[in-house]
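K.L.:
Have a look at this one before I ask anything.
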Amino acid sequence: MDGVAEERVFLKLGGSLITDKTRPMFARRRVLARLAREIAEALAARPGLRLLLGHGSGSFGHTVGERYRTREGVHSPEGWRGYAATARAAALLDRLVCDALWEAGVPVLAVPPSASALCRDGVLVHLEVRPIAEALRQGLVPLVYGDVALDEVRGGTIVSTEEVFAYLVPHLRPDRILLAGQVGGVYTADPHREPTARLLRRLTPAAVREVERGLGTSHGVDVTGGMWAKVQAMARLVEEVPSLQVRIFSGERPGNVRRALLDPQSGLGTVLVIG
């Protein structure tokens with residue numbers, strides 16, 4: 001776009017933010033509507049913003065995936081039925097997210113990872129990038145999410161939104177990744193259980209191992225590894241792409257998502273950088 005500086009940003013709306021992870025198949029529709037408005041406002045304020053959205057599966061896909069243990073592998077007729085049921089649950093939430101975004105005026109295009117994803121023993125090794133890249137080029141907002149995937153070793157598995165983001169980074173070269181969840185960032189301990197837990201404002205990949213034990217697991221069912229898996233995945237990305245900035249913050253407070261999109265130096269949550 002002539003005369004307008006472009007910035008490419010990946011934004012994930014966490015499953016704990018857009019669903020109640022303690023209640024199966026329960027979407028937080030008012031929160032979704034508010035987040036969609038904030039995204040629309042940021043896009044209107046920054047014509048050069050090129051945005052890839054993702055969302056977690058929360059109490060939709062995670063609940064069904066845990067029941068069938070889909071992430072561990074799919075090896076029986078019942079397991080394949082569970083694989084399909086997990087895909088359906090994730091897609092149901094994705095439709096709610098798409099509807100909220102469209103109602104707010106965001107030109108979103110859903111791109112289900114399960115349509116092309118292939119894993120090898122739990123590691124994502126292939127995903128069709130061209131539809132996403134073309135959507136970005138045409139000014140649309142592609143939307144990916146945690147989904148099922150075929151696996152050469154396990155038969156089938158589940159890939160998280162962060163794993164999809166990680167696969168896309170070398171292809172799409174984002175400037176920033178924003179992970180908006182329910183918790184305010186990365187803490188020295190689980191803030192749901194430890195009131196004295198301290199928010200880490202800045203974190204380098206070298207320091208990640210030092211806080212590993214304090215990160216704990218997600219508050220509610222999460223078959224893709226909780227906070228620690230997210231931080232590990234993002235730390236690896238920052239090491240591979242030193243120019244990349246990753247911010248983990250809370251989307252619970254109105255205005256935070258809009259602020260994070262518009263201001264790389266927002267100070268929200270935890271920023272993960274190379275040094």
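By order of appearance in the structure tokens: chains A, B, ..., then residues from 1 within every chain, and ligands from 1 in the order shown.
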Env of Gly122 of chain A: 7 Å cut, atoms = only C-alpha atoms, seq-sep filter 3 positions within chain, self excluded. Answer as a list of chain:residue names.
P.N.:
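Residues near the query, excluding close chain neighbours: A:Cys119, A:Asp151, A:Thr157.
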K.L.:
Please provide as JSON, numbers by chain all residues within 10 Å of Ile158 of chain A, with the sequence filter that same-chain residues fewer than 2 positions apart are discarded (counting only C-alpha atoms).
P.N.:
{"A": [61, 62, 65, 69, 70, 71, 72, 73, 83, 86, 87, 114, 117, 119, 122, 123, 124, 146, 147, 148, 149, 150, 151, 156, 160, 161, 163, 223, 224]}
K.L.:
Next, the residues of the selection above should be written as an mmCIF file, in the first residue's frame with N, CA and C atoms.
P.N.:
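Saved result, result03.cif, follows:
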data_model
loop_
_atom_site.group_PDB
_atom_site.id
_atom_site.type_symbol
_atom_site.label_atom_id
_atom_site.label_comp_id
_atom_site.auth_asym_id
_atom_site.auth_seq_id
_atom_site.Cartn_x
_atom_site.Cartn_y
_atom_site.Cartn_z
ATOM 1 N N GLY A 61 -12.857 -27.833 21.535
ATOM 2 C CA GLY A 61 -11.975 -28.896 21.066
ATOM 3 C C GLY A 61 -11.206 -29.595 22.162
ATOM 4 N N HIS A 62 -10.746 -28.848 23.175
ATOM 5 C CA HIS A 62 -9.963 -29.472 24.238
ATOM 6 C C HIS A 62 -10.785 -30.489 25.017
ATOM 7 N N GLY A 65 -11.215 -33.528 22.729
ATOM 8 C CA GLY A 65 -9.922 -34.145 22.500
ATOM 9 C C GLY A 65 -9.395 -34.877 23.715
ATOM 10 N N ARG A 69 -8.463 -38.690 23.866
ATOM 11 C CA ARG A 69 -6.994 -38.702 23.902
ATOM 12 C C ARG A 69 -6.421 -38.574 22.483
ATOM 13 N N THR A 70 -7.016 -37.675 21.727
ATOM 14 C CA THR A 70 -6.692 -37.543 20.308
ATOM 15 C C THR A 70 -5.256 -37.115 20.075
ATOM 16 N N ARG A 71 -4.724 -36.229 20.901
ATOM 17 C CA ARG A 71 -3.353 -35.743 20.682
ATOM 18 C C ARG A 71 -2.338 -36.878 20.755
ATOM 19 N N GLU A 72 -2.617 -37.882 21.576
ATOM 20 C CA GLU A 72 -1.675 -38.987 21.747
ATOM 21 C C GLU A 72 -1.643 -39.917 20.539
ATOM 22 N N GLY A 73 -2.708 -39.922 19.754
ATOM 23 C CA GLY A 73 -2.741 -40.767 18.560
ATOM 24 C C GLY A 73 -4.123 -41.334 18.298
ATOM 25 N N TYR A 83 -11.615 -38.276 16.618
ATOM 26 C CA TYR A 83 -10.876 -37.324 15.792
ATOM 27 C C TYR A 83 -11.853 -36.390 15.068
ATOM 28 N N THR A 86 -13.647 -34.111 17.546
ATOM 29 C CA THR A 86 -12.789 -33.003 17.985
ATOM 30 C C THR A 86 -12.739 -31.911 16.922
ATOM 31 N N ALA A 87 -12.614 -32.317 15.650
ATOM 32 C CA ALA A 87 -12.618 -31.349 14.553
ATOM 33 C C ALA A 87 -13.924 -30.573 14.518
ATOM 34 N N SER A 114 -6.905 -28.401 9.707
ATOM 35 C CA SER A 114 -7.120 -29.818 9.420
ATOM 36 C C SER A 114 -7.284 -30.111 7.935
ATOM 37 N N ALA A 117 -3.106 -29.917 7.145
ATOM 38 C CA ALA A 117 -2.009 -30.164 8.083
ATOM 39 C C ALA A 117 -1.574 -31.619 8.074
ATOM 40 N N CYS A 119 1.339 -34.022 10.300
ATOM 41 C CA CYS A 119 2.333 -34.098 11.379
ATOM 42 C C CYS A 119 3.150 -35.369 11.249
ATOM 43 N N GLY A 122 3.646 -35.984 16.078
ATOM 44 C CA GLY A 122 3.262 -34.820 16.865
ATOM 45 C C GLY A 122 3.871 -33.510 16.433
ATOM 46 N N VAL A 123 4.740 -33.529 15.426
ATOM 47 C CA VAL A 123 5.389 -32.303 14.945
ATOM 48 C C VAL A 123 4.777 -31.916 13.601
ATOM 49 N N LEU A 124 4.304 -30.687 13.489
ATOM 50 C CA LEU A 124 3.702 -30.201 12.258
ATOM 51 C C LEU A 124 4.777 -30.053 11.180
ATOM 52 N N GLY A 146 -6.558 -24.021 16.775
ATOM 53 C CA GLY A 146 -6.158 -25.347 17.213
ATOM 54 C C GLY A 146 -7.096 -26.382 16.616
ATOM 55 N N ASP A 147 -6.527 -27.431 16.005
ATOM 56 C CA ASP A 147 -7.347 -28.330 15.194
ATOM 57 C C ASP A 147 -6.705 -29.718 15.164
ATOM 58 N N VAL A 148 -7.423 -30.675 14.616
ATOM 59 C CA VAL A 148 -6.866 -32.011 14.414
ATOM 60 C C VAL A 148 -5.965 -31.996 13.186
ATOM 61 N N ALA A 149 -5.083 -32.998 13.097
ATOM 62 C CA ALA A 149 -4.203 -33.122 11.938
ATOM 63 C C ALA A 149 -3.851 -34.591 11.741
ATOM 64 N N LEU A 150 -3.701 -35.000 10.487
ATOM 65 C CA LEU A 150 -3.199 -36.334 10.214
ATOM 66 C C LEU A 150 -1.751 -36.428 10.652
ATOM 67 N N ASP A 151 -1.335 -37.634 11.057
ATOM 68 C CA ASP A 151 0.012 -37.830 11.565
ATOM 69 C C ASP A 151 0.586 -39.124 10.999
ATOM 70 N N GLY A 156 -3.450 -39.806 13.809
ATOM 71 C CA GLY A 156 -3.998 -38.465 13.931
ATOM 72 C C GLY A 156 -3.531 -37.845 15.221
ATOM 73 N N SER A 160 -1.759 -27.223 18.095
ATOM 74 C CA SER A 160 -2.192 -26.009 18.773
ATOM 75 C C SER A 160 -2.062 -24.811 17.839
ATOM 76 N N THR A 161 -2.704 -23.718 18.200
ATOM 77 C CA THR A 161 -2.574 -22.488 17.429
ATOM 78 C C THR A 161 -1.123 -22.015 17.416
ATOM 79 N N GLU A 163 1.524 -23.854 17.495
ATOM 80 C CA GLU A 163 2.270 -24.694 16.562
ATOM 81 C C GLU A 163 2.000 -24.281 15.120
ATOM 82 N N VAL A 223 -5.271 -29.855 26.275
ATOM 83 C CA VAL A 223 -4.554 -31.027 25.792
ATOM 84 C C VAL A 223 -3.301 -30.671 25.019
ATOM 85 N N THR A 224 -2.976 -29.402 24.860
ATOM 86 C CA THR A 224 -1.787 -29.016 24.105
ATOM 87 C C THR A 224 -0.684 -28.441 24.981
#
K.L.:
Quick one: pick out all strand (DSSP E) residues within segment 121-237 of chain A from a backbone DSSP run and write them as a PyMOL selection string.
P.N.:
chain A and resi 123-126+141-145+147-151+155-159+176-181+202-203
K.L.:
Kindly indicate which residue among A:Gly269, A:Gly15, A:Gly251, A:Pro24 lies nearest to Val186 of chain A, using only C-alpha atoms for the distances.
P.N.:
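Nearest candidate to Val186 of chain A out of A:Gly269, A:Gly15, A:Gly251, A:Pro24: A:Gly269.
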K.L.:
Please identify all polymer residues within 9 Å of Arg198 of chain A, counting only C-alpha atoms, omitting same-chain residues fewer than 6 positions from it, and present them as a tab-separated table (two decimals) with N, CA and C atoms, in the first residue's frame.
P.N.:
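Result file is part_24.tsv:
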chain	number	residue	atom	x	y	z
A	186	VAL	N	3.32	-14.05	31.80
A	186	VAL	CA	4.06	-15.16	32.39
A	186	VAL	C	4.46	-14.77	33.81
A	187	TYR	N	4.12	-15.62	34.76
A	187	TYR	CA	4.37	-15.34	36.18
A	187	TYR	C	5.41	-16.31	36.73
A	188	THR	N	5.93	-15.95	37.89
A	188	THR	CA	6.90	-16.82	38.56
A	188	THR	C	6.25	-18.08	39.11
A	189	ALA	N	4.92	-18.08	39.22
A	189	ALA	CA	4.15	-19.25	39.65
A	189	ALA	C	2.75	-19.09	39.07
A	191	PRO	N	-0.64	-17.89	38.95
A	191	PRO	CA	-1.34	-16.86	39.73
A	191	PRO	C	-2.71	-17.29	40.22
K.L.:
Going by DSSP on the backbone, which residues of segment 22-247 of chain A come out as helix (DSSP H, G or I)? List them as a ChimeraX atom specification.
P.N.:
/A:29-45,58-68,70-72,77-104,113-115,130-137,161-172,205-215,226-240
K.L.:
Name all residues at most 8 Å from segment 135-140 of chain A (count only C-alpha atoms; drop same-chain ones fewer than 2 positions away) and give them as a list in words.
P.N.:
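With the cut-off at 8 Å, the set is Arg50, Leu51, Leu52, Pro107, Val108, Leu109, Pro131, Ile132, Ala133 and Pro142 of chain A.
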K.L.:
Next, dump the selected residues to file, keeping only N, CA and C atoms, as an mmCIF file, in the first residue's frame.
P.N.:
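Written output follows (selection-v5.cif):
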data_model
loop_
_atom_site.group_PDB
_atom_site.id
_atom_site.type_symbol
_atom_site.label_atom_id
_atom_site.label_comp_id
_atom_site.auth_asym_id
_atom_site.auth_seq_id
_atom_site.Cartn_x
_atom_site.Cartn_y
_atom_site.Cartn_z
ATOM 1 N N ARG A 50 -1.348 -5.740 8.736
ATOM 2 C CA ARG A 50 -1.705 -7.005 8.097
ATOM 3 C C ARG A 50 -1.799 -8.048 9.197
ATOM 4 N N LEU A 51 -2.985 -8.564 9.419
ATOM 5 C CA LEU A 51 -3.263 -9.346 10.622
ATOM 6 C C LEU A 51 -3.644 -10.788 10.293
ATOM 7 N N LEU A 52 -2.953 -11.711 10.935
ATOM 8 C CA LEU A 52 -3.343 -13.125 10.942
ATOM 9 C C LEU A 52 -3.883 -13.431 12.321
ATOM 10 N N PRO A 107 -12.998 -8.359 7.869
ATOM 11 C CA PRO A 107 -13.136 -9.269 6.723
ATOM 12 C C PRO A 107 -12.359 -10.568 6.933
ATOM 13 N N VAL A 108 -12.867 -11.409 7.796
ATOM 14 C CA VAL A 108 -12.154 -12.608 8.215
ATOM 15 C C VAL A 108 -12.405 -13.760 7.238
ATOM 16 N N LEU A 109 -11.375 -14.590 7.054
ATOM 17 C CA LEU A 109 -11.473 -15.782 6.213
ATOM 18 C C LEU A 109 -10.974 -16.971 7.016
ATOM 19 N N PRO A 131 -3.012 -20.143 0.606
ATOM 20 C CA PRO A 131 -4.297 -19.469 0.857
ATOM 21 C C PRO A 131 -4.201 -18.375 1.921
ATOM 22 N N ILE A 132 -3.368 -18.606 2.936
ATOM 23 C CA ILE A 132 -3.204 -17.621 4.000
ATOM 24 C C ILE A 132 -2.436 -16.406 3.486
ATOM 25 N N ALA A 133 -1.353 -16.671 2.756
ATOM 26 C CA ALA A 133 -0.541 -15.574 2.219
ATOM 27 C C ALA A 133 -1.349 -14.720 1.246
ATOM 28 N N PRO A 142 -6.988 -13.717 7.615
ATOM 29 C CA PRO A 142 -7.117 -15.169 7.744
ATOM 30 C C PRO A 142 -7.192 -15.580 9.212
#
K.L.:
Please list as a PyMOL selection string every residue within 12 Å of Leu53 of chain A, counting only C-alpha atoms and excluding residues in the same chain fewer than 4 positions away.
P.N.:
chain A and resi 8-14+35-36+39+94+97-98+101+106-112+132+135-136+140-146+161-162+164-165+168+174+177-180+261
K.L.:
Using only C-alpha atoms, which of A:Leu172, A:Leu268, A:Ala166, A:Ile18 sits nearest Arg201 of chain A?
P.N.:
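Selected residue with least distance to Arg201 of chain A: A:Leu268.
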K.L.:
List the spatial neighbours of Glu239 of chain A as a PDB file with C-alpha atoms, in the first residue's frame - criterion: any atom at most 7 Å away, only C-alpha atoms, same-chain residues fewer than 3 positions off excluded.
P.N.:
ATOM      1  CA  PRO A 205      14.827 -17.520  25.695  1.00  0.00           C
ATOM      2  CA  ALA A 235      11.078 -18.903  22.918  1.00  0.00           C
ATOM      3  CA  ARG A 236      12.243 -21.183  20.105  1.00  0.00           C
ATOM      4  CA  PRO A 242      15.800 -12.538  16.485  1.00  0.00           C
ATOM      5  CA  ILE A 274      16.102 -12.244  22.155  1.00  0.00           C
TER       6      ILE A 274
END
K.L.:
At what distance in Å, to one decimal, does atom CA of Glu7 of chain A lie from atom CA of Asp263 of chain A?
P.N.:
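One can read the atom CA of Asp263 of chain A to atom CA of Glu7 of chain A distance as 11.2 Å.
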K.L.:
Considering only C-alpha atoms, state which residue in the set A:Arg23, A:Arg154, A:Arg29, A:Arg130 is at the smallest distance from Trp80 of chain A.
P.N.:
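Going through A:Arg23, A:Arg154, A:Arg29, A:Arg130 one by one, the smallest distance to Trp80 of chain A is for A:Arg154.
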K.L.:
Pick out the closest residue to Gly267 of chain A from this set: A:Val238, A:Ala27, A:Leu93, A:Leu200. Count only C-alpha atoms.
P.N.:
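Closest candidate: A:Leu200.
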K.L.:
With distances taken over only C-alpha atoms, which of A:Glu6, A:Glu134, A:Asp20, A:Glu38 is nearest to Gly255 of chain A?
P.N.:
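Under the stated criterion, the closest residue is A:Glu38.
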K.L.:
Which distance in Å separates atom CA of Arg193 of chain A and atom CA of Met227 of chain A, to one decimal?
P.N.:
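Computed distance, atom CA of Arg193 of chain A to atom CA of Met227 of chain A, equals 14.2 Å.
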K.L.:
Tell me which of A:His171, A:Lys230, A:Gln182, A:Val159 sits closest to Val257 of chain A, counting only C-alpha atoms.
P.N.:
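The answer is A:Gln182, which sits nearest to Val257 of chain A.
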